[in-house]
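Shown here: input00.cif, mmCIF, C-alpha atoms (C1' of nucleotides).
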```
data_protein
loop_
_atom_site.label_atom_id
_atom_site.label_comp_id
_atom_site.auth_asym_id
_atom_site.auth_seq_id
_atom_site.Cartn_x
_atom_site.Cartn_y
_atom_site.Cartn_z
CA MET A 1 -22.19 -42.77 -4.30
CA ASN A 2 -24.88 -44.97 -5.80
CA GLU A 3 -24.69 -43.90 -9.42
CA GLU A 4 -27.77 -45.96 -10.12
CA LEU A 5 -29.95 -43.80 -7.93
CA LEU A 6 -28.57 -40.64 -9.53
CA SER A 7 -29.09 -41.98 -13.07
CA PHE A 8 -32.60 -42.88 -12.09
CA PHE A 9 -33.48 -39.39 -10.93
CA LYS A 10 -31.76 -37.77 -13.89
CA ALA A 11 -33.68 -40.00 -16.26
CA LEU A 12 -36.98 -38.89 -14.77
CA ALA A 13 -36.04 -35.24 -14.32
CA ASP A 14 -37.51 -34.24 -17.66
CA ALA A 15 -41.13 -33.37 -18.41
CA ASN A 16 -41.35 -35.32 -21.64
CA ARG A 17 -39.68 -38.42 -20.23
CA LEU A 18 -42.07 -38.34 -17.29
CA LYS A 19 -44.96 -38.09 -19.75
CA ILE A 20 -43.63 -41.07 -21.68
CA VAL A 21 -43.50 -43.11 -18.50
CA GLY A 22 -47.00 -41.94 -17.64
CA LEU A 23 -48.32 -42.91 -21.06
CA LEU A 24 -46.64 -46.31 -20.98
CA ALA A 25 -48.11 -46.87 -17.52
CA GLY A 26 -51.45 -46.90 -19.31
CA HIS A 27 -50.54 -49.24 -22.16
CA PRO A 28 -47.73 -49.80 -24.68
CA TYR A 29 -47.10 -47.35 -27.53
CA SER A 30 -44.94 -47.26 -30.62
CA GLY A 31 -42.31 -44.57 -30.95
CA GLU A 32 -44.28 -42.95 -33.71
CA GLU A 33 -47.37 -42.66 -31.53
CA LEU A 34 -45.36 -41.24 -28.65
CA ALA A 35 -43.85 -38.64 -30.97
CA ALA A 36 -47.31 -37.57 -32.15
CA LEU A 37 -48.76 -37.53 -28.63
CA LEU A 38 -45.93 -35.40 -27.26
CA GLY A 39 -45.51 -33.21 -30.32
CA LEU A 40 -41.85 -34.17 -30.68
CA LYS A 41 -39.72 -35.36 -33.57
CA PRO A 42 -38.88 -39.08 -33.82
CA SER A 43 -35.21 -38.45 -33.10
CA THR A 44 -36.04 -36.67 -29.86
CA VAL A 45 -38.36 -39.47 -28.73
CA SER A 46 -35.69 -41.98 -29.63
CA HIS A 47 -33.24 -40.11 -27.42
CA HIS A 48 -35.63 -40.11 -24.48
CA LEU A 49 -36.54 -43.77 -24.87
CA ALA A 50 -32.87 -44.74 -25.01
CA ARG A 51 -32.36 -42.86 -21.76
CA LEU A 52 -35.30 -44.60 -20.05
CA ALA A 53 -34.20 -47.96 -21.40
CA GLY A 54 -30.74 -47.22 -20.01
CA ILE A 55 -32.08 -47.51 -16.47
CA GLY A 56 -34.22 -50.51 -17.42
CA LEU A 57 -37.49 -48.68 -16.90
CA VAL A 58 -38.83 -49.38 -20.40
CA SER A 59 -38.18 -51.96 -23.08
CA ALA A 60 -39.18 -52.46 -26.70
CA ARG A 61 -40.36 -55.41 -28.76
CA PRO A 62 -40.53 -55.26 -32.57
CA GLU A 63 -44.03 -55.71 -33.93
CA GLY A 64 -44.42 -55.50 -37.70
CA TYR A 65 -43.36 -52.07 -38.79
CA TYR A 66 -43.29 -50.79 -35.25
CA ASN A 67 -41.17 -50.87 -32.14
CA VAL A 68 -43.64 -51.17 -29.32
CA TRP A 69 -42.42 -49.80 -26.01
CA GLN A 70 -43.68 -50.87 -22.63
CA LEU A 71 -42.99 -50.15 -19.00
CA GLU A 72 -40.94 -52.74 -17.15
CA PRO A 73 -43.05 -53.63 -14.14
CA ALA A 74 -40.11 -55.16 -12.32
CA ALA A 75 -38.09 -51.96 -12.58
CA LEU A 76 -41.04 -49.98 -11.32
CA GLU A 77 -41.18 -52.22 -8.30
CA ARG A 78 -37.46 -51.93 -7.60
CA THR A 79 -37.82 -48.20 -7.81
CA ARG A 80 -39.93 -47.93 -4.71
CA LEU A 81 -37.26 -49.74 -2.75
CA LEU A 82 -34.51 -47.43 -3.94
CA PHE A 83 -35.59 -44.55 -1.78
CA SER A 84 -35.14 -46.23 1.58
CA GLN A 85 -33.28 -44.77 4.52
CA ASP A 86 -30.40 -47.18 4.02
CA ASP A 87 -29.95 -46.37 0.36
CA LEU A 88 -30.06 -42.68 1.14
CA GLN A 89 -27.30 -42.88 3.69
CA GLN A 90 -25.30 -45.00 1.31
CA VAL A 91 -25.42 -42.09 -1.13
CA ALA A 92 -23.28 -40.13 1.29
CA ALA A 93 -20.88 -43.02 1.78
CA GLY A 94 -18.41 -41.51 -0.69
CA VAL A 95 -17.95 -38.16 1.04
CA ASP A 96 -14.82 -37.63 3.07
CA ALA A 97 -16.09 -37.54 6.64
CA ASP A 98 -12.98 -35.65 7.77
CA ALA A 99 -13.30 -32.93 5.15
CA TYR A 100 -14.80 -30.52 7.67
CA ASP A 101 -11.97 -31.01 10.18
CA HIS A 102 -9.38 -30.62 7.44
CA LYS A 103 -10.92 -27.39 6.27
CA VAL A 104 -11.12 -25.99 9.79
CA ILE A 105 -7.49 -26.92 10.48
CA ALA A 106 -6.40 -25.37 7.20
CA ASP A 107 -8.38 -22.20 7.90
CA PHE A 108 -6.74 -21.70 11.29
CA SER A 109 -3.21 -22.76 10.34
CA ARG A 110 -0.40 -20.74 8.83
CA PRO A 111 1.79 -22.26 6.12
CA ASP A 112 4.42 -23.16 8.75
CA GLY A 113 1.84 -25.14 10.75
CA THR A 114 1.36 -22.67 13.61
CA LEU A 115 -2.13 -21.57 14.57
CA LYS A 116 -3.33 -18.09 13.74
CA GLU A 117 -5.56 -18.38 16.81
CA ILE A 118 -7.40 -20.92 18.90
CA PRO A 119 -10.95 -21.17 17.52
CA ALA A 120 -13.63 -19.76 19.81
CA GLN A 121 -16.41 -21.98 18.45
CA ARG A 122 -16.60 -25.35 20.13
CA LYS A 123 -16.78 -27.54 17.04
CA LYS A 124 -13.83 -25.83 15.40
CA ARG A 125 -11.79 -25.76 18.57
CA GLU A 126 -12.32 -29.48 18.91
CA ALA A 127 -11.23 -30.11 15.34
CA VAL A 128 -8.04 -28.13 15.85
CA LEU A 129 -7.27 -29.82 19.17
CA ARG A 130 -7.71 -33.28 17.66
CA HIS A 131 -5.12 -32.18 15.13
CA VAL A 132 -2.77 -30.85 17.78
CA ALA A 133 -3.08 -34.03 19.83
CA GLN A 134 -1.64 -36.03 16.97
CA ALA A 135 1.75 -34.46 17.64
CA PHE A 136 2.02 -36.73 20.64
CA VAL A 137 2.93 -40.38 20.20
CA PRO A 138 0.39 -42.75 21.81
CA GLY A 139 1.84 -44.69 24.73
CA GLU A 140 4.70 -42.26 25.29
CA ARG A 141 4.94 -40.06 28.37
CA TYR A 142 5.78 -36.37 28.42
CA SER A 143 6.73 -33.99 31.25
CA GLU A 144 4.80 -30.72 31.48
CA LYS A 145 7.88 -28.96 30.16
CA GLN A 146 8.04 -31.23 27.13
CA VAL A 147 4.31 -30.77 26.53
CA ASN A 148 4.67 -26.99 26.61
CA THR A 149 7.58 -27.11 24.19
CA MET A 150 5.63 -29.19 21.71
CA LEU A 151 2.46 -27.10 22.06
CA ALA A 152 4.45 -23.94 21.49
CA ARG A 153 5.01 -25.14 17.94
CA PHE A 154 1.28 -24.52 17.46
CA HIS A 155 0.45 -21.49 19.60
CA PRO A 156 2.10 -19.38 22.34
CA ASP A 157 -0.85 -19.90 24.70
CA THR A 158 0.34 -23.38 25.67
CA ALA A 159 -1.61 -23.29 28.95
CA SER A 160 -4.94 -22.99 27.14
CA LEU A 161 -4.04 -25.73 24.68
CA ARG A 162 -2.99 -28.03 27.51
CA ARG A 163 -6.12 -27.39 29.53
CA GLU A 164 -8.37 -27.98 26.52
CA LEU A 165 -6.57 -31.19 25.55
CA VAL A 166 -7.14 -32.61 29.01
CA GLY A 167 -10.71 -31.30 29.15
CA MET A 168 -11.52 -33.01 25.85
CA HIS A 169 -9.93 -36.21 27.12
CA LEU A 170 -7.44 -36.14 24.29
CA MET A 171 -4.66 -36.20 26.86
CA ALA A 172 -4.47 -37.33 30.49
CA ARG A 173 -2.26 -36.56 33.46
CA GLU A 174 -0.98 -38.83 36.16
CA GLY A 175 -2.07 -37.63 39.61
CA GLY A 176 -1.46 -33.95 40.49
CA GLY A 177 1.94 -33.10 39.00
CA GLY A 178 2.90 -36.20 37.02
CA ASP A 179 3.50 -36.84 33.33
CA TYR A 180 1.07 -36.39 30.44
CA TRP A 181 0.17 -38.92 27.76
CA ARG A 182 -2.11 -39.04 24.79
CA LEU A 183 -5.46 -40.81 24.99
CA ASP A 184 -7.01 -42.57 22.04
CA PRO A 185 -10.40 -41.06 21.16
CA MET B 1 -48.97 -32.94 -15.57
CA ASN B 2 -48.10 -33.18 -11.89
CA GLU B 3 -45.51 -30.46 -11.62
CA GLU B 4 -44.79 -31.59 -8.08
CA LEU B 5 -43.49 -34.95 -9.22
CA LEU B 6 -41.31 -33.31 -11.86
CA SER B 7 -39.92 -30.76 -9.40
CA PHE B 8 -39.17 -33.60 -7.06
CA PHE B 9 -37.14 -35.53 -9.61
CA LYS B 10 -35.36 -32.42 -10.83
CA ALA B 11 -34.43 -31.53 -7.28
CA LEU B 12 -32.81 -34.92 -6.75
CA ALA B 13 -31.22 -35.17 -10.21
CA ASP B 14 -27.94 -33.71 -9.04
CA ALA B 15 -25.05 -35.54 -7.43
CA ASN B 16 -24.36 -32.96 -4.75
CA ARG B 17 -28.00 -32.54 -3.80
CA LEU B 18 -28.32 -36.30 -3.49
CA LYS B 19 -25.25 -36.29 -1.24
CA ILE B 20 -26.78 -33.56 0.90
CA VAL B 21 -29.93 -35.61 1.34
CA GLY B 22 -27.80 -38.63 2.14
CA LEU B 23 -25.80 -36.73 4.74
CA LEU B 24 -28.89 -35.24 6.35
CA ALA B 25 -30.39 -38.73 6.47
CA GLY B 26 -27.63 -39.48 8.97
CA HIS B 27 -28.00 -36.40 11.15
CA PRO B 28 -28.43 -32.61 10.82
CA TYR B 29 -25.63 -30.40 9.54
CA SER B 30 -24.99 -26.69 9.25
CA GLY B 31 -24.51 -25.15 5.82
CA GLU B 32 -20.88 -24.52 6.61
CA GLU B 33 -20.27 -28.18 7.41
CA LEU B 34 -22.05 -29.31 4.26
CA ALA B 35 -19.90 -26.96 2.20
CA ALA B 36 -16.73 -28.40 3.71
CA LEU B 37 -17.89 -31.99 3.34
CA LEU B 38 -18.83 -31.55 -0.30
CA GLY B 39 -15.95 -29.24 -1.23
CA LEU B 40 -18.32 -26.52 -2.42
CA LYS B 41 -18.61 -22.80 -1.78
CA PRO B 42 -21.26 -21.57 0.67
CA SER B 43 -23.22 -19.89 -2.11
CA THR B 44 -23.47 -23.13 -4.04
CA VAL B 45 -24.63 -25.06 -1.00
CA SER B 46 -27.15 -22.34 -0.29
CA HIS B 47 -28.49 -22.75 -3.81
CA HIS B 48 -28.87 -26.51 -3.42
CA LEU B 49 -30.48 -26.25 0.00
CA ALA B 50 -32.96 -23.70 -1.28
CA ARG B 51 -33.86 -26.11 -4.05
CA LEU B 52 -34.36 -29.02 -1.65
CA ALA B 53 -36.32 -26.83 0.74
CA GLY B 54 -38.48 -25.81 -2.22
CA ILE B 55 -39.93 -29.30 -2.40
CA GLY B 56 -40.16 -29.51 1.39
CA LEU B 57 -37.55 -32.22 1.68
CA VAL B 58 -35.31 -30.31 4.10
CA SER B 59 -35.80 -27.49 6.58
CA ALA B 60 -33.55 -25.31 8.69
CA ARG B 61 -33.62 -24.05 12.24
CA PRO B 62 -31.28 -21.27 13.47
CA GLU B 63 -28.94 -22.39 16.23
CA GLY B 64 -26.52 -19.80 17.48
CA TYR B 65 -24.27 -18.76 14.64
CA TYR B 66 -25.50 -21.61 12.48
CA ASN B 67 -28.43 -22.64 10.35
CA VAL B 68 -28.88 -26.31 11.07
CA TRP B 69 -30.52 -28.26 8.25
CA GLN B 70 -32.44 -31.47 8.68
CA LEU B 71 -34.38 -33.91 6.56
CA GLU B 72 -38.16 -33.67 6.77
CA PRO B 73 -39.27 -37.19 7.62
CA ALA B 74 -42.85 -36.49 6.54
CA ALA B 75 -41.75 -35.41 3.06
CA LEU B 76 -39.64 -38.52 2.79
CA GLU B 77 -42.68 -40.61 3.55
CA ARG B 78 -44.88 -38.82 1.03
CA THR B 79 -42.18 -39.41 -1.53
CA ARG B 80 -42.65 -43.14 -1.56
CA LEU B 81 -46.31 -42.69 -2.34
CA LEU B 82 -45.62 -40.36 -5.25
CA PHE B 83 -44.43 -43.09 -7.54
CA SER B 84 -47.62 -45.12 -7.61
CA GLN B 85 -49.35 -46.38 -10.73
CA ASP B 86 -52.12 -43.83 -10.33
CA ASP B 87 -49.79 -40.88 -9.99
CA LEU B 88 -47.82 -42.04 -12.98
CA GLN B 89 -50.83 -42.19 -15.22
CA GLN B 90 -51.90 -38.80 -13.95
CA VAL B 91 -48.63 -37.46 -15.31
CA ALA B 92 -49.87 -38.22 -18.79
CA ALA B 93 -53.26 -36.67 -18.10
CA GLY B 94 -52.24 -33.45 -19.82
CA VAL B 95 -51.33 -34.92 -23.17
CA ASP B 96 -53.82 -34.57 -26.00
CA ALA B 97 -55.09 -38.11 -26.52
CA ASP B 98 -56.20 -37.27 -30.08
CA ALA B 99 -52.83 -35.88 -31.13
CA TYR B 100 -51.92 -39.09 -32.93
CA ASP B 101 -55.15 -39.15 -34.95
CA HIS B 102 -54.74 -35.49 -35.82
CA LYS B 103 -51.22 -36.02 -37.05
CA VAL B 104 -52.21 -39.03 -39.14
CA ILE B 105 -55.12 -37.17 -40.69
CA ALA B 106 -52.90 -34.19 -41.41
CA ASP B 107 -50.23 -36.41 -42.95
CA PHE B 108 -52.69 -38.04 -45.34
CA SER B 109 -54.70 -34.95 -46.21
CA ARG B 110 -54.09 -32.32 -48.84
CA PRO B 111 -54.70 -28.66 -48.02
CA ASP B 112 -58.13 -28.88 -49.70
CA GLY B 113 -59.14 -31.74 -47.37
CA THR B 114 -58.93 -34.57 -49.92
CA LEU B 115 -56.89 -37.66 -49.07
CA LYS B 116 -53.58 -38.27 -50.79
CA GLU B 117 -54.29 -41.97 -50.30
CA ILE B 118 -56.08 -44.38 -48.03
CA PRO B 119 -53.58 -45.54 -45.40
CA ALA B 120 -52.52 -49.17 -45.69
CA GLN B 121 -51.70 -49.58 -42.01
CA ARG B 122 -54.67 -50.47 -39.89
CA LYS B 123 -54.21 -47.91 -37.10
CA LYS B 124 -53.80 -45.06 -39.54
CA ARG B 125 -56.63 -46.20 -41.77
CA GLU B 126 -58.89 -46.27 -38.74
CA ALA B 127 -57.87 -42.77 -37.72
CA VAL B 128 -58.60 -41.44 -41.20
CA LEU B 129 -61.94 -43.25 -41.42
CA ARG B 130 -63.05 -41.87 -38.07
CA HIS B 131 -62.32 -38.48 -39.54
CA VAL B 132 -64.25 -39.22 -42.76
CA ALA B 133 -67.24 -40.54 -40.84
CA GLN B 134 -67.66 -37.16 -39.18
CA ALA B 135 -68.86 -35.77 -42.51
CA PHE B 136 -72.12 -37.58 -41.91
CA VAL B 137 -74.70 -36.15 -39.52
CA PRO B 138 -75.72 -38.63 -36.81
CA GLY B 139 -79.37 -39.70 -37.10
CA GLU B 140 -79.67 -38.68 -40.73
CA ARG B 141 -80.12 -41.21 -43.55
CA TYR B 142 -78.25 -41.24 -46.85
CA SER B 143 -78.82 -43.13 -50.09
CA GLU B 144 -75.84 -45.00 -51.56
CA LYS B 145 -75.63 -42.29 -54.21
CA GLN B 146 -75.48 -39.54 -51.59
CA VAL B 147 -72.86 -41.48 -49.64
CA ASN B 148 -70.68 -41.85 -52.72
CA THR B 149 -70.99 -38.15 -53.51
CA MET B 150 -69.86 -37.19 -50.00
CA LEU B 151 -67.03 -39.73 -49.91
CA ALA B 152 -65.76 -38.49 -53.27
CA ARG B 153 -64.85 -35.24 -51.51
CA PHE B 154 -62.20 -37.32 -49.72
CA HIS B 155 -61.02 -39.91 -52.24
CA PRO B 156 -62.08 -41.27 -55.65
CA ASP B 157 -62.17 -44.85 -54.35
CA THR B 158 -65.54 -44.37 -52.70
CA ALA B 159 -66.28 -48.10 -52.74
CA SER B 160 -63.30 -48.86 -50.51
CA LEU B 161 -64.15 -46.04 -48.13
CA ARG B 162 -67.76 -47.19 -47.91
CA ARG B 163 -66.79 -50.80 -47.27
CA GLU B 164 -64.29 -49.83 -44.57
CA LEU B 165 -66.74 -47.50 -42.84
CA VAL B 166 -69.28 -50.30 -42.58
CA GLY B 167 -66.62 -52.82 -41.59
CA MET B 168 -65.43 -50.59 -38.76
CA HIS B 169 -69.03 -50.08 -37.65
CA LEU B 170 -68.74 -46.38 -38.20
CA MET B 171 -71.70 -46.60 -40.58
CA ALA B 172 -74.55 -49.10 -41.00
CA ARG B 173 -76.92 -50.09 -43.79
CA GLU B 174 -80.58 -51.03 -43.66
CA GLY B 175 -81.15 -54.56 -45.07
CA GLY B 176 -79.71 -55.36 -48.48
CA GLY B 177 -80.11 -52.21 -50.56
CA GLY B 178 -81.46 -49.64 -48.10
CA ASP B 179 -80.09 -46.34 -46.78
CA TYR B 180 -76.88 -45.72 -44.80
CA TRP B 181 -76.52 -43.87 -41.53
CA ARG B 182 -73.72 -43.01 -39.20
CA LEU B 183 -73.16 -45.01 -36.02
CA ASP B 184 -71.79 -43.48 -32.84
CA PRO B 185 -68.54 -45.14 -31.81
"C1'" DA C 1 -35.04 -55.75 -56.57
"C1'" DA C 2 -37.03 -51.14 -55.61
"C1'" DT C 3 -39.56 -48.41 -52.59
"C1'" DT C 4 -41.72 -47.02 -48.56
"C1'" DT C 5 -41.57 -46.42 -43.59
"C1'" DA C 6 -40.30 -46.58 -38.53
"C1'" DG C 7 -36.45 -45.91 -36.08
"C1'" DT C 8 -31.56 -44.65 -34.83
"C1'" DT C 9 -27.27 -42.03 -34.87
"C1'" DC C 10 -24.73 -37.93 -35.36
"C1'" DG C 11 -23.74 -32.78 -35.29
"C1'" DA C 12 -25.27 -28.42 -34.40
"C1'" DT C 13 -27.72 -25.24 -31.57
"C1'" DA C 14 -30.27 -23.15 -27.99
"C1'" DT C 15 -31.67 -23.51 -23.39
"C1'" DC C 16 -30.90 -24.68 -18.74
"C1'" DT C 17 -28.28 -24.84 -14.61
"C1'" DA C 18 -24.30 -25.86 -11.39
"C1'" DT C 19 -20.75 -23.23 -9.75
"C1'" DC C 20 -18.31 -19.35 -8.29
"C1'" DG C 21 -17.13 -14.52 -6.60
"C1'" DA C 22 -18.81 -10.20 -5.00
"C1'" DA C 23 -21.93 -7.61 -2.54
"C1'" DC C 24 -25.08 -7.75 0.99
"C1'" DT C 25 -27.84 -9.36 5.49
"C1'" DA C 26 -28.39 -11.05 10.12
"C1'" DA C 27 -26.79 -12.46 14.20
"C1'" DA C 28 -23.47 -12.99 17.74
"C1'" DT C 29 -19.19 -11.60 19.96
"C1'" DC C 30 -15.96 -8.14 21.33
"C1'" DG D 1 -21.55 0.23 18.63
"C1'" DA D 2 -17.86 -2.03 15.82
"C1'" DT D 3 -16.43 -6.29 14.15
"C1'" DT D 4 -16.51 -10.92 13.03
"C1'" DT D 5 -18.98 -14.76 10.87
"C1'" DA D 6 -22.59 -17.79 8.66
"C1'" DG D 7 -25.63 -17.34 5.20
"C1'" DT D 8 -28.19 -15.41 1.11
"C1'" DT D 9 -28.81 -13.03 -3.28
"C1'" DC D 10 -27.27 -11.64 -7.68
"C1'" DG D 11 -24.61 -11.77 -12.15
"C1'" DA D 12 -21.54 -14.03 -14.89
"C1'" DT D 13 -19.75 -18.19 -16.89
"C1'" DA D 14 -18.90 -22.77 -18.18
"C1'" DG D 15 -20.75 -27.24 -18.82
"C1'" DA D 16 -24.71 -30.25 -19.60
"C1'" DT D 17 -28.61 -31.52 -22.36
"C1'" DA D 18 -33.17 -31.21 -24.91
"C1'" DT D 19 -34.34 -30.56 -29.43
"C1'" DC D 20 -34.03 -30.69 -34.22
"C1'" DG D 21 -32.60 -31.91 -39.14
"C1'" DA D 22 -29.90 -34.79 -42.05
"C1'" DA D 23 -27.96 -38.99 -43.09
"C1'" DC D 24 -28.35 -43.63 -42.37
"C1'" DT D 25 -30.38 -48.58 -41.05
"C1'" DA D 26 -33.70 -52.24 -40.94
"C1'" DA D 27 -37.74 -54.16 -42.11
"C1'" DA D 28 -41.83 -54.73 -44.73
"C1'" DT D 29 -44.59 -53.88 -48.81
"C1'" DT D 30 -44.89 -53.50 -53.84
#
```
Let me see the structure of the file written as C-alpha cells.
Amino acid sequence: MNEELLSFFKALADANRLKIVGLLAGHPYSGEELAALLGLKPSTVSHHLARLAGIGLVSARPEGYYNVWQLEPAALERTRLLFSQDDLQQVAAGVDADAYDHKVIADFSRPDGTLKEIPAQRKKREAVLRHVAQAFVPGERYSEKQVNTMLARFHPDTASLRRELVGMHLMAREGGGGDYWRLDP
Amino acid sequence: MNEELLSFFKALADANRLKIVGLLAGHPYSGEELAALLGLKPSTVSHHLARLAGIGLVSARPEGYYNVWQLEPAALERTRLLFSQDDLQQVAAGVDADAYDHKVIADFSRPDGTLKEIPAQRKKREAVLRHVAQAFVPGERYSEKQVNTMLARFHPDTASLRRELVGMHLMAREGGGGDYWRLDP
DNA sequence: AATTTAGTTCGATATCTATCGAACTAAATC
DNA sequence: GATTTAGTTCGATAGATATCGAACTAAATT
C-alpha cells in the first residue's frame, strides 16, 4: 500500500510543517529561528522537524550553538516522481480485488448458502453466477438433470440460472441436448 | 500561504483516500463498489469522495442507478507542478520575516525599553543593534555626546553600542572626531 | 567546574477527523 | 404511484495529533 507515499502526504498535511518546508526552500534556519518565525514553542518545532526528517525531506547539521536545518534537495526531487500513474496504482495493490464479489454474494445468500433472489443488476448477477459456477468441477460433465439438481441448491428457478450460466460463458453445452460442463473464465 | 497546496496534502493524507485514488487510477468505480473494496460504509466513502472532489481530483457522472467516479487527469497533471521550488517558497510568503528580530529584541528588553544585556551571539546582537539604530533620525547629525546620551537609554555600556553600530555600518562618523549619523541598511 | 543556552523527550490536553448509524433524497424498477 | 436502491447529510463517538510546559541533554561560554 506504499506506506512511504502515505507518510509523505501526512508529513506535509500540516500548515506549520508546510511553512517550515517553504522557509527552508529559501535558505537554512536554526530551530530557534523557525520557532520565532512561526510563533511556536521549541518543543513543537522539534516535533515537526522530527516528522519532516522522518521522511528524509530535511536534515540538520550542528553549527556552534545551533542546529541548522536544511531541505534535502534529493528528497525533493524524488518527491516529484512519487506521484506517477504507476505509483498511484500500486497504492491500490493491497486491496482485495474480489471484495466486491464477496460482498454481493454475501448480501444475496442465506446462511444455508441458498440465494434469496437472483440479482436484477447485471454486475451483481454476474458476481453471483461466478460463485454458482464454482459448484461444478472443471473438466467434468453433467446431464441437464444433474445440473438442475445442483442449481436447485442455490435457487428454485434453475432454468434462469442455467440460461444465464451459458449466456455468460461460464458453462457450455454439447450440441442441442447433450451434457453441460464448466468453462474456465 | 497557498491554502490549495495544504488542502491537497490533507486530502491525500489518509490511507483510504489514497487507496480510492489508486483504484480510480485503474478505472472508474461506483461508490458502492469502492465501499465494498475498502470495507467501509457508504457514508464514509461518500465523505472521502466529497473531500477528493473538493480539490478537483475526482468527479462523478450518474449512470443508471450508480454514481460512477473517475480520476480527473487534468488535476493529476496540475498536481505535479504544485511542488515546484517557487510554489514552496510561496508557502512561506505569509510568515512575518521580522518575527525573529522582534522576539530577540523582546527577550533582551525590559518593559521600560532598556536592554538587560547586549547579546553575545552575533545574530542576536545584530537584531538588537538594528533596533537601537532606529532611535536615530536618518539624515540628522549627532555629536558623540548626544549619541552617548541616546544610547544610555538602552544600556550603560554606550561605548560598546557605539562601536558595534559603526562596525555594522548602521552608523557612520565624519573623519576622526566629527559627528555621527545613521546609515540606511 | 559552573552556568548559560539550544534542543529533545515525555505527558497532558485540546482540537481535529475518520468512521459509523440513522434519517433523508433521488432515481429507477415494479 | 409504491417500493427498492444508491447515495448524501447529519450527529455522535472514538482515535489521532498539534501544541504546550516541564524535565532533561548536550554543547559552549564564563
Using all atoms listed in the file, I'd like a table of the residues in chain D that come within 8 Å of chain B; for each, show the closest atom pair and its distance in Å rounded to one decimal, ordered by chain and ascending number, as JSON lines.
```
{"residue": "D:DT5", "atom": "C1'", "partner": "B:Tyr65", "partner_atom": "CA", "distance": 7.6}
{"residue": "D:DA6", "atom": "C1'", "partner": "B:Tyr66", "partner_atom": "CA", "distance": 6.1}
{"residue": "D:DG7", "atom": "C1'", "partner": "B:Ser46", "partner_atom": "CA", "distance": 7.6}
{"residue": "D:DT8", "atom": "C1'", "partner": "B:Ser46", "partner_atom": "CA", "distance": 7.1}
```
*asked:* What are the residues of chain C lining chain B at 10 Å or less? Count only C-alpha atoms (C1' of nucleotides), and put the answer as a ChimeraX atom specification.
replied: /C:18-21,26-28
*Give the residues of chain B that lie within 9 Å of chain A; count all atoms listed in the file, and format the answer as number ranges by chain.*
B: 1, 3, 5-15, 18-26, 32-39, 76, 79-81, 83-104
*Give me, please, the distance in Å between atom C1' of DC10 of chain D and atom C1' of DT17 of chain C, quoted to one decimal.*
14.9 Å
*Could you give me, as a VMD selection string, the residues that sit within 12 Å of (-31.9, -49.2, -20.7) in the file's coordinates, counting all atoms listed in the file?*
chain A and resid 4 7 to 8 11 47 to 60 69 71 to 72 75
*asked:* Selection in question (the file shown): the PyMOL selection byres ((chain D and resi 1) around 12). Which residues does it include, as a PyMOL selection string?
replied: (chain C and resi 30) or (chain D and resi 2-3)
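Interatomic distance, atom CA of Arg78 of chain A against atom C1' of DG7 of chain C: 29.1 Å.
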*Reference answer for the PyMOL selection byres ((chain B and resi 107-115) around 10), as a ChimeraX atom specification*: /B:101-106,116-119,124-125,128,132,151-156
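You will find atom CA of Val137 of chain A at 11.9 Å from atom CA of Leu170 of chain A.
Here the selection is built from only C-alpha atoms (C1' of nucleotides), and the residues within 9 Å of (-33.5, -50.2, -38.0) turn out to be DA6, DG7 and DT8 of chain C; DT25, DA26 and DA27 of chain D.
Running the PyMOL selection byres ((chain C and resi 24) around 8) on this file leaves DA23 and DT25 of chain C; DT9 of chain D selected.
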Can I get segment 93-104 of chain B with N, CA and C atoms filled in, as a PDB file, keeping the file's coordinate frame?
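File written: selection24.pdb
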```pdb
ATOM      1  N   ALA B  93     -51.896 -37.167 -17.958  1.00  0.00           N
ATOM      2  CA  ALA B  93     -53.260 -36.670 -18.100  1.00  0.00           C
ATOM      3  C   ALA B  93     -53.306 -35.460 -19.024  1.00  0.00           C
ATOM      4  N   GLY B  94     -52.232 -34.684 -19.041  1.00  0.00           N
ATOM      5  CA  GLY B  94     -52.240 -33.450 -19.820  1.00  0.00           C
ATOM      6  C   GLY B  94     -52.071 -33.629 -21.319  1.00  0.00           C
ATOM      7  N   VAL B  95     -51.614 -34.780 -21.745  1.00  0.00           N
ATOM      8  CA  VAL B  95     -51.330 -34.920 -23.170  1.00  0.00           C
ATOM      9  C   VAL B  95     -52.626 -35.093 -23.960  1.00  0.00           C
ATOM     10  N   ASP B  96     -52.650 -34.503 -25.132  1.00  0.00           N
ATOM     11  CA  ASP B  96     -53.820 -34.570 -26.000  1.00  0.00           C
ATOM     12  C   ASP B  96     -53.926 -35.982 -26.575  1.00  0.00           C
ATOM     13  N   ALA B  97     -54.954 -36.711 -26.119  1.00  0.00           N
ATOM     14  CA  ALA B  97     -55.090 -38.110 -26.520  1.00  0.00           C
ATOM     15  C   ALA B  97     -55.361 -38.254 -28.005  1.00  0.00           C
ATOM     16  N   ASP B  98     -55.864 -37.184 -28.656  1.00  0.00           N
ATOM     17  CA  ASP B  98     -56.200 -37.270 -30.080  1.00  0.00           C
ATOM     18  C   ASP B  98     -55.057 -36.791 -30.972  1.00  0.00           C
ATOM     19  N   ALA B  99     -53.928 -36.461 -30.350  1.00  0.00           N
ATOM     20  CA  ALA B  99     -52.830 -35.880 -31.130  1.00  0.00           C
ATOM     21  C   ALA B  99     -52.371 -36.832 -32.223  1.00  0.00           C
ATOM     22  N   TYR B 100     -52.370 -38.118 -31.921  1.00  0.00           N
ATOM     23  CA  TYR B 100     -51.920 -39.090 -32.930  1.00  0.00           C
ATOM     24  C   TYR B 100     -52.873 -39.092 -34.117  1.00  0.00           C
ATOM     25  N   ASP B 101     -54.170 -39.197 -33.863  1.00  0.00           N
ATOM     26  CA  ASP B 101     -55.150 -39.150 -34.950  1.00  0.00           C
ATOM     27  C   ASP B 101     -54.998 -37.877 -35.778  1.00  0.00           C
ATOM     28  N   HIS B 102     -54.865 -36.760 -35.103  1.00  0.00           N
ATOM     29  CA  HIS B 102     -54.740 -35.490 -35.820  1.00  0.00           C
ATOM     30  C   HIS B 102     -53.533 -35.482 -36.741  1.00  0.00           C
ATOM     31  N   LYS B 103     -52.437 -36.011 -36.225  1.00  0.00           N
ATOM     32  CA  LYS B 103     -51.220 -36.020 -37.050  1.00  0.00           C
ATOM     33  C   LYS B 103     -51.404 -36.934 -38.254  1.00  0.00           C
ATOM     34  N   VAL B 104     -51.989 -38.091 -38.040  1.00  0.00           N
ATOM     35  CA  VAL B 104     -52.210 -39.030 -39.140  1.00  0.00           C
ATOM     36  C   VAL B 104     -53.102 -38.391 -40.202  1.00  0.00           C
TER      37      VAL B 104
END
```
